[in-house]
Amino acid sequence: MEISVVEKLLLLILCDLAKKQKIKSDFDCEFIENAISSGNTWAIEQEYSGLLSKSEVKRKGVYNKLCK
């Protein structure tokens, strides 16, 4: 999983907000923060592999191109 610097920053900000606001979530903010800070973003895709399959990502890419 290739995550841009901006995406990493956004994920870290969202995790920080979720923790400070004590928001209950299915996402493990500690895990996500550790994966980003250690450079192991592949672990996020492995941990949450059920969220988006590769076919869904491809379909969304085609949809976005068609809708522009």
# chains A, B, ... in the order shown; residues from 1 in each chain; ligands from 1
call {"tool": "residues_around", "arguments": {"residues": "Leu12 (chain A)", "least_positions_apart": "3", "cutoff": "9 Å", "atoms": "only C-alpha atoms", "output": "VMD selection string"}}
result
chain A and resid 7 to 9 15 to 17 29 32 to 33 36
call {"tool": "write_last_selection", "arguments": {"atoms": "C-alpha atoms", "output": "PDB file, in the first residue's frame"}}
result
ATOM      1  CA  GLU A   7      -2.533  10.870   3.344  1.00  0.00           C
ATOM      2  CA  LYS A   8      -0.221   9.862   6.194  1.00  0.00           C
ATOM      3  CA  LEU A   9      -0.665  13.266   7.802  1.00  0.00           C
ATOM      4  CA  CYS A  15      -6.333   9.137  14.771  1.00  0.00           C
ATOM      5  CA  ASP A  16      -5.309  11.946  17.100  1.00  0.00           C
ATOM      6  CA  LEU A  17      -8.794  13.476  16.974  1.00  0.00           C
ATOM      7  CA  CYS A  29      -5.497   4.135  15.970  1.00  0.00           C
ATOM      8  CA  ILE A  32      -2.258   2.807  12.338  1.00  0.00           C
ATOM      9  CA  GLU A  33       0.012   5.385  13.982  1.00  0.00           C
ATOM     10  CA  ILE A  36       2.891   4.975   9.623  1.00  0.00           C
TER      11      ILE A  36
END
call {"tool": "closest_residue", "arguments": {"among": "A:Gly50, A:Ile3, A:Ala18, A:Ile23", "to": "Ala35 (chain A)", "atoms": "only C-alpha atoms"}}
result
A:Ile3
